[in-house]
file my_file_39.txt (compact mmCIF, C-alpha atoms and all ligand atoms)
# COMPACT_ATOMS: atom_id res chain seq x y z
CA MET O 23 0.00 0.00 0.00
CA ARG O 24 1.27 3.45 -0.86
CA ILE O 25 0.24 6.58 1.02
CA VAL O 26 1.12 10.19 0.24
CA GLN O 27 0.94 12.33 3.37
CA MET O 28 1.01 16.09 3.13
CA SER O 29 -0.05 18.92 5.43
CA ASP O 30 0.31 22.57 6.29
CA ILE O 31 -0.45 23.92 2.85
CA HIS O 32 -1.20 27.35 4.32
CA VAL O 33 -2.98 29.07 1.44
CA GLY O 34 -3.36 32.73 2.40
CA SER O 35 0.03 33.07 4.02
CA GLY O 36 2.52 35.47 2.48
CA LEU O 37 4.85 32.49 2.71
CA PHE O 38 2.58 30.20 0.65
CA ARG O 39 4.37 28.95 -2.47
CA PRO O 40 1.86 27.70 -5.07
CA GLU O 41 4.58 26.22 -7.28
CA LEU O 42 5.55 23.84 -4.46
CA LEU O 43 1.97 22.62 -4.06
CA GLU O 44 1.59 22.18 -7.81
CA ALA O 45 4.82 20.17 -7.97
CA ALA O 46 3.77 18.03 -5.00
CA ILE O 47 0.40 17.26 -6.61
CA GLU O 48 1.98 16.43 -9.96
CA GLU O 49 4.46 14.10 -8.25
CA THR O 50 1.67 12.56 -6.16
CA ASN O 51 -0.30 11.69 -9.28
CA ALA O 52 2.78 10.07 -10.81
CA LEU O 53 3.24 7.98 -7.63
CA THR O 54 -0.34 6.54 -7.96
CA PRO O 55 -0.91 6.16 -4.21
CA ASP O 56 -3.78 4.16 -2.72
CA LEU O 57 -4.45 6.97 -0.25
CA VAL O 58 -3.62 10.67 -0.01
CA ALA O 59 -3.83 11.95 3.55
CA ILE O 60 -3.99 15.73 4.00
CA ALA O 61 -3.31 16.31 7.68
CA GLY O 62 -4.67 19.83 8.16
CA ASP O 63 -3.78 23.52 7.93
CA LEU O 64 -4.98 23.98 4.39
CA THR O 65 -5.47 27.67 5.14
CA THR O 66 -3.90 30.36 7.28
CA ASP O 67 -6.87 32.17 8.79
CA GLY O 68 -9.79 29.91 7.97
CA TYR O 69 -11.27 32.36 5.45
CA LEU O 70 -13.67 31.17 2.77
CA TRP O 71 -11.48 32.30 -0.11
CA GLU O 72 -8.54 30.37 1.30
CA PHE O 73 -10.58 27.16 1.39
CA GLU O 74 -11.83 27.81 -2.14
CA GLU O 75 -8.31 28.33 -3.40
CA ALA O 76 -7.06 25.21 -1.59
CA ARG O 77 -9.88 23.26 -3.22
CA THR O 78 -8.82 24.30 -6.72
CA TYR O 79 -5.41 22.74 -6.08
CA LEU O 80 -6.54 19.62 -4.25
CA ASP O 81 -9.14 18.84 -6.92
CA ARG O 82 -6.21 18.04 -9.20
CA ILE O 83 -5.21 15.02 -7.10
CA ALA O 84 -6.14 11.98 -9.16
CA CYS O 85 -6.19 9.44 -6.29
CA PRO O 86 -9.70 8.06 -5.58
CA HIS O 87 -9.12 8.26 -1.82
CA VAL O 88 -8.16 11.73 -0.66
CA VAL O 89 -8.84 12.16 3.06
CA ILE O 90 -8.62 15.63 4.57
CA VAL O 91 -8.82 16.78 8.20
CA PRO O 92 -8.82 20.38 9.43
CA GLY O 93 -5.92 21.93 11.32
CA ASN O 94 -5.94 24.67 13.93
CA HIS O 95 -5.58 27.34 11.23
CA ASP O 96 -8.66 25.96 9.44
CA ALA O 97 -10.66 26.33 12.65
CA LYS O 98 -9.85 30.04 12.97
CA SER O 99 -12.50 32.63 12.11
CA VAL O 100 -15.20 29.92 12.33
CA GLY O 101 -13.44 28.37 9.34
CA TYR O 102 -14.63 24.87 10.25
CA ARG O 103 -17.98 25.81 8.68
CA HIS O 104 -16.25 26.65 5.40
CA PHE O 105 -14.29 23.40 5.67
CA GLU O 106 -17.58 21.50 5.83
CA ASP O 107 -19.07 23.43 2.91
CA ILE O 108 -16.02 23.01 0.68
CA PHE O 109 -14.62 19.62 1.70
CA GLY O 110 -17.52 17.89 3.46
CA GLN O 111 -17.26 15.98 6.72
CA ARG O 112 -14.57 17.09 9.14
CA GLU O 113 -14.18 13.50 10.28
CA GLN O 114 -14.96 10.09 8.92
CA ALA O 115 -14.06 6.42 9.05
CA LEU O 116 -13.57 4.60 5.79
CA THR O 117 -11.95 1.55 4.29
CA VAL O 118 -9.39 1.89 1.52
CA PRO O 119 -8.59 -1.02 -0.77
CA ALA O 120 -4.91 -1.93 -0.70
CA PRO O 121 -2.91 -4.68 -2.38
CA GLU O 122 -2.61 -6.57 0.91
CA GLY O 123 -6.24 -6.20 1.99
CA GLU O 124 -8.25 -3.25 3.18
CA ALA O 125 -6.97 -0.40 5.31
CA LYS O 126 -9.15 1.12 8.00
CA VAL O 127 -8.70 4.88 7.99
CA VAL O 128 -10.09 7.19 10.64
CA ALA O 129 -9.88 10.93 10.00
CA LEU O 130 -10.41 12.87 13.22
CA ASP O 131 -10.88 16.59 13.83
CA CYS O 132 -8.86 17.46 16.93
CA THR O 133 -9.15 21.24 16.53
CA LYS O 134 -10.94 23.70 18.79
CA PRO O 135 -12.06 26.99 17.25
CA ASP O 136 -9.44 29.72 17.61
CA LEU O 137 -7.14 27.62 19.79
CA ASP O 138 -3.70 26.54 18.65
CA GLU O 139 -3.68 23.39 20.75
CA GLY O 140 -5.72 20.32 19.94
CA GLU O 141 -7.77 17.73 21.78
CA VAL O 142 -9.22 14.43 20.64
CA GLY O 143 -11.77 14.63 23.43
CA ARG O 144 -13.40 11.90 25.50
CA GLU O 145 -16.41 11.92 23.18
CA HIS O 146 -14.22 10.40 20.47
CA TYR O 147 -12.68 7.55 22.45
CA ALA O 148 -15.46 4.99 21.98
CA TRP O 149 -15.55 5.78 18.26
CA LEU O 150 -11.81 5.19 17.87
CA ASP O 151 -12.15 1.94 19.77
CA SER O 152 -15.09 0.69 17.75
CA GLU O 153 -13.43 1.45 14.42
CA PHE O 154 -10.01 0.00 15.15
CA ARG O 155 -10.26 -2.79 17.70
CA GLY O 156 -10.14 -6.17 16.05
CA TRP O 157 -9.68 -4.84 12.50
CA ASP O 158 -7.63 -7.52 10.78
CA ARG O 159 -8.08 -6.86 7.06
CA GLY O 160 -5.19 -4.44 6.68
CA PRO O 161 -3.39 -1.45 8.22
CA LYS O 162 -5.11 0.73 10.81
CA ILE O 163 -4.44 4.41 10.10
CA LEU O 164 -5.43 7.49 12.11
CA ILE O 165 -5.18 10.95 10.55
CA LEU O 166 -5.27 13.98 12.84
CA HIS O 167 -3.56 17.35 12.74
CA HIS O 168 -1.91 17.83 16.14
CA HIS O 169 1.06 15.98 17.55
CA ILE O 170 0.60 13.37 20.24
CA LEU O 171 4.28 13.39 21.10
CA ALA O 172 6.78 16.21 21.02
CA VAL O 173 8.60 16.72 17.71
CA PRO O 174 12.29 17.66 17.93
CA GLY O 175 13.71 20.66 16.12
CA THR O 176 10.57 22.74 16.60
CA GLY O 177 11.58 25.00 19.45
CA ARG O 178 9.32 24.78 22.47
CA ASP O 179 7.04 21.77 22.68
CA THR O 180 3.72 23.57 22.71
CA ASN O 181 0.21 23.13 21.31
CA ASN O 182 0.12 19.35 21.41
CA LEU O 183 -2.98 17.28 22.06
CA ARG O 184 -4.24 18.19 25.51
CA ASP O 185 -5.30 14.57 26.11
CA ALA O 186 -2.22 13.01 24.53
CA GLY O 187 -1.70 10.42 27.28
CA ASP O 188 -5.22 8.99 27.08
CA VAL O 189 -5.08 8.95 23.27
CA MET O 190 -1.71 7.22 23.15
CA ALA O 191 -2.90 4.55 25.60
CA ILE O 192 -5.96 3.86 23.44
CA LEU O 193 -3.92 3.71 20.23
CA ARG O 194 -1.59 1.15 21.79
CA ASP O 195 -4.47 -0.89 23.14
CA VAL O 196 -6.34 -1.07 19.81
CA ARG O 197 -3.03 -1.55 17.94
CA VAL O 198 -3.11 1.33 15.49
CA ASP O 199 -0.36 0.96 12.88
CA LEU O 200 0.10 4.52 11.70
CA VAL O 201 -0.80 7.98 12.95
CA LEU O 202 -0.43 10.68 10.28
CA SER O 203 -0.09 14.22 11.59
CA GLY O 204 1.23 17.65 10.67
CA HIS O 205 1.17 20.91 12.63
CA ARG O 206 4.84 21.24 13.60
CA HIS O 207 6.16 21.82 10.07
CA VAL O 208 8.97 19.35 10.69
CA PRO O 209 8.95 15.80 9.30
CA TRP O 210 9.54 13.19 11.98
CA VAL O 211 8.68 9.63 12.98
CA TRP O 212 8.24 8.09 16.42
CA SER O 213 7.76 4.36 16.81
CA ILE O 214 6.44 3.69 20.28
CA SER O 215 4.59 0.69 21.66
CA GLY O 216 3.90 -0.58 18.16
CA VAL O 217 2.38 2.72 16.98
CA ARG O 218 4.22 4.67 14.27
CA ILE O 219 3.54 8.38 14.55
CA VAL O 220 4.50 10.06 11.28
CA HIS O 221 4.68 13.83 10.82
CA SER O 222 4.81 15.64 7.52
CA GLY O 223 6.45 19.05 7.21
CA THR O 224 4.81 21.98 5.49
CA VAL O 225 4.33 21.03 1.85
CA SER O 226 3.94 24.42 0.27
CA SER O 227 4.98 27.22 2.56
CA MET O 228 8.18 28.80 3.78
CA ARG O 229 6.83 28.62 7.34
CA VAL O 230 9.68 26.22 7.97
CA ARG O 231 11.74 25.64 11.09
CA GLY O 232 15.49 25.35 11.20
CA THR O 233 17.01 23.56 8.24
CA MET O 234 13.95 21.55 7.18
CA PRO O 235 12.72 22.55 3.70
CA PRO O 236 9.08 22.29 2.56
CA SER O 237 8.29 18.59 2.14
CA TYR O 238 5.76 15.78 2.14
CA ASN O 239 5.99 12.06 2.95
CA VAL O 240 5.50 8.93 0.90
CA ILE O 241 4.78 5.81 2.95
CA ASP O 242 5.07 2.35 1.41
CA LEU O 243 3.72 -0.59 3.37
CA ASN O 244 4.16 -4.14 2.22
CA ARG O 245 3.99 -7.46 4.04
CA GLU O 246 7.48 -7.13 5.53
CA THR O 247 8.40 -3.48 5.73
CA VAL O 248 7.25 0.10 6.10
CA THR O 249 9.37 2.67 4.24
CA ILE O 250 8.89 6.40 4.68
CA THR O 251 10.46 8.74 2.17
CA LEU O 252 10.78 12.49 2.49
CA HIS O 253 10.06 14.39 -0.73
CA GLU O 254 10.96 17.98 -1.48
CA PRO O 255 8.47 19.18 -4.11
CA GLY O 256 10.19 19.56 -7.46
CA LYS O 257 13.58 18.65 -6.04
CA GLY O 258 14.06 15.10 -4.86
CA GLU O 259 13.67 12.57 -2.11
CA GLU O 260 15.55 10.93 0.75
CA LEU O 261 14.81 8.13 3.19
CA LEU O 262 13.17 9.24 6.42
CA ALA O 263 12.56 5.92 8.20
CA THR O 264 12.19 2.17 7.71
CA PHE O 265 10.44 -0.35 9.96
CA SER O 266 9.46 -3.96 9.95
CA ARG O 267 5.75 -4.24 9.09
CA GLN O 268 5.02 -6.09 12.31
CA PRO O 269 5.94 -3.86 15.24
CA VAL O 270 8.80 -5.19 17.28
CA THR O 271 7.79 -4.83 20.90
CA THR O 272 10.28 -5.58 23.60
CA SER O 273 7.97 -4.95 26.48
CA GLU O 274 4.52 -5.88 27.70
CA PHE O 275 2.24 -3.72 29.80
CA TYR O 276 -0.17 -5.68 31.98
CA PRO O 277 -2.86 -3.55 33.68
CA ALA O 278 -6.10 -3.27 31.70
CA LEU O 279 -6.64 -0.05 29.80
CA ASP O 280 -9.75 0.87 31.79
CA ARG O 281 -7.69 1.26 34.94
CA PHE O 282 -6.32 4.36 33.21
CA VAL O 283 -8.84 5.41 30.56
CA ARG O 284 -12.47 4.40 30.71
CA TYR O 285 -15.26 4.95 28.21
CA ASP O 286 -18.45 3.26 27.15
CA LYS O 287 -18.22 1.07 24.10
CA LEU O 288 -20.44 1.93 21.14
CA PRO O 289 -23.40 1.68 20.78
CA PHE O 290 -24.13 3.58 23.98
FE FE O 301 0.64 24.58 10.08
FE FE O 302 -1.23 23.59 12.83
call {"tool": "encode", "arguments": {"input": "my_file_39.txt", "output": "structure tokens"}}
result
Amino acid sequence: MRIVQMSDIHVGSGLFRPELLEAAIEETNALTPDLVAIAGDLTTDGYLWEFEEARTYLDRIACPHVVIVPGNHDAKSVGYRHFEDIFGQREQALTVPAPEGEAKVVALDCTKPDLDEGEVGREHYAWLDSEFRGWDRGPKILILHHHILAVPGTGRDTNNLRDAGDVMAILRDVRVDLVLSGHRHVPWVWSISGVRIVHSGTVSSMRVRGTMPPSYNVIDLNRETVTITLHEPGKGEELLATFSRQPVTTSEFYPALDRFVRYDKLPF
């Protein structure tokens, strides 16, 4: 299965570079991915015209499965309403056909209007559980904008998920394979307790940090391995990370999840 992950497009910013987005989309179409995950911050201030302009670019993606979640910038200025009007649901669960079966993909809106930080929220926990637990037909993939864990090279570790601990415990318990996020504008991968948390940088803006250029990720999963490649639009690629497909865990954790995080199972 091939996934293109991009985020932090930031239409509306003086630092938005349309030629980078156009190159990334052209390259994405040539890569013929099974899934394109757009992990939020399509806009800068959540204005209607920014969403409309973002749409004109993203409509050019040829992949049949393009999944988009809002970022904190998209939730500014009541922009989440425009997101719904232009892109439809802010969150969804779907299955995506892949060579090795069927991936379960959950796209979750962790934004709060006008706040930079994110929160999955207790109201989402039972939904995550019901979608992922026991899924055995292919990879389990969560897409959300904010970072669960701190990303290095980003200055101060701020604005992460407010309920990161609860969320991470649930993701481990239901054995999520991949979490695709953006927000920090720095590409990075954590592999922790069998969960691979993959961040894309900013694909099309110069809102970069340190030495990291604008970029997006290409993730290739096959039966044995997971390979993540960093792509600079219009320039080239380099390896970001490789893993065995089956997570190598060297530890077991014994107390039941509900001693730490408790929620009703769906249906209520
Ligand atoms: Fe961003
Ligand atoms: Fe963000």
call {"tool": "closest_residue", "arguments": {"input": "my_file_39.txt", "among": "O:Ile192, O:Asp131, O:Ile31, O:Val26", "to": "O:Val283", "atoms": "only C-alpha atoms"}}
result
O:Ile192
call {"tool": "closest_residue", "arguments": {"input": "my_file_39.txt", "among": "O:Val208, O:Leu116, O:Leu279, O:Ile25", "to": "ligand FE 302 (chain O)", "atoms": "only C-alpha atoms and all ligand atoms"}}
result
O:Val208
call {"tool": "closest_atom_pairs", "arguments": {"input": "my_file_39.txt", "of": "chain O", "to": "ligand FE 301 (chain O)", "cutoff": "8 Å", "atoms": "only C-alpha atoms and all ligand atoms", "output": "CSV"}}
result
residue,atom,partner,partner_atom,distance
O:Ser29,CA,O:FE301,FE,7.4
O:Asp30,CA,O:FE301,FE,4.3
O:Ile31,CA,O:FE301,FE,7.3
O:His32,CA,O:FE301,FE,6.7
O:Gly62,CA,O:FE301,FE,7.4
O:Asp63,CA,O:FE301,FE,5.0
O:Thr66,CA,O:FE301,FE,7.9
O:Gly93,CA,O:FE301,FE,7.2
O:Asn94,CA,O:FE301,FE,7.6
O:His95,CA,O:FE301,FE,6.9
O:Gly204,CA,O:FE301,FE,7.0
O:His205,CA,O:FE301,FE,4.5
O:Arg206,CA,O:FE301,FE,6.4
O:His207,CA,O:FE301,FE,6.2
O:Thr224,CA,O:FE301,FE,6.7
O:Arg229,CA,O:FE301,FE,7.9
call {"tool": "axis_aligned_box", "arguments": {"input": "my_file_39.txt", "around": "stretch 126-132 of chain O", "padding_each_side": "3 Å", "output": "AutoDock Vina command-line options"}}
result
--center_x -9.8 --center_y 9.3 --center_z 12.5 --size_x 8.2 --size_y 22.3 --size_z 14.9
call {"tool": "residues_around", "arguments": {"input": "my_file_39.txt", "residues": "O:Gly256", "least_positions_apart": "4", "cutoff": "12 Å", "atoms": "only C-alpha atoms", "output": "PyMOL selection string"}}
result
chain O and resi 40-50+225-226+235-238
call {"tool": "residues_around", "arguments": {"input": "my_file_39.txt", "residues": "stretch 157-162 of chain O", "least_positions_apart": "2", "cutoff": "8 Å", "atoms": "all atoms listed in the file", "output": "short mmCIF file (atom, residue, chain, number, x, y, z; two decimals) with C-alpha atoms, keeping the file's coordinate frame"}}
result
data_model
loop_
_atom_site.label_atom_id
_atom_site.label_comp_id
_atom_site.auth_asym_id
_atom_site.auth_seq_id
_atom_site.Cartn_x
_atom_site.Cartn_y
_atom_site.Cartn_z
CA ALA O 120 -4.91 -1.93 -0.70
CA GLU O 122 -2.61 -6.57 0.91
CA GLY O 123 -6.24 -6.20 1.99
CA GLU O 124 -8.25 -3.25 3.18
CA ALA O 125 -6.97 -0.40 5.31
CA LYS O 126 -9.15 1.12 8.00
CA VAL O 127 -8.70 4.88 7.99
CA GLU O 153 -13.43 1.45 14.42
CA PHE O 154 -10.01 0.00 15.15
CA ARG O 155 -10.26 -2.79 17.70
CA LEU O 164 -5.43 7.49 12.11
CA ARG O 197 -3.03 -1.55 17.94
CA VAL O 198 -3.11 1.33 15.49
CA ASP O 199 -0.36 0.96 12.88
CA LEU O 200 0.10 4.52 11.70
#
call {"tool": "closest_residue", "arguments": {"input": "my_file_39.txt", "among": "O:Tyr285, O:Gly175, O:Ala84, O:Met190", "to": "O:Gly232", "atoms": "all atoms listed in the file"}}
result
O:Gly175
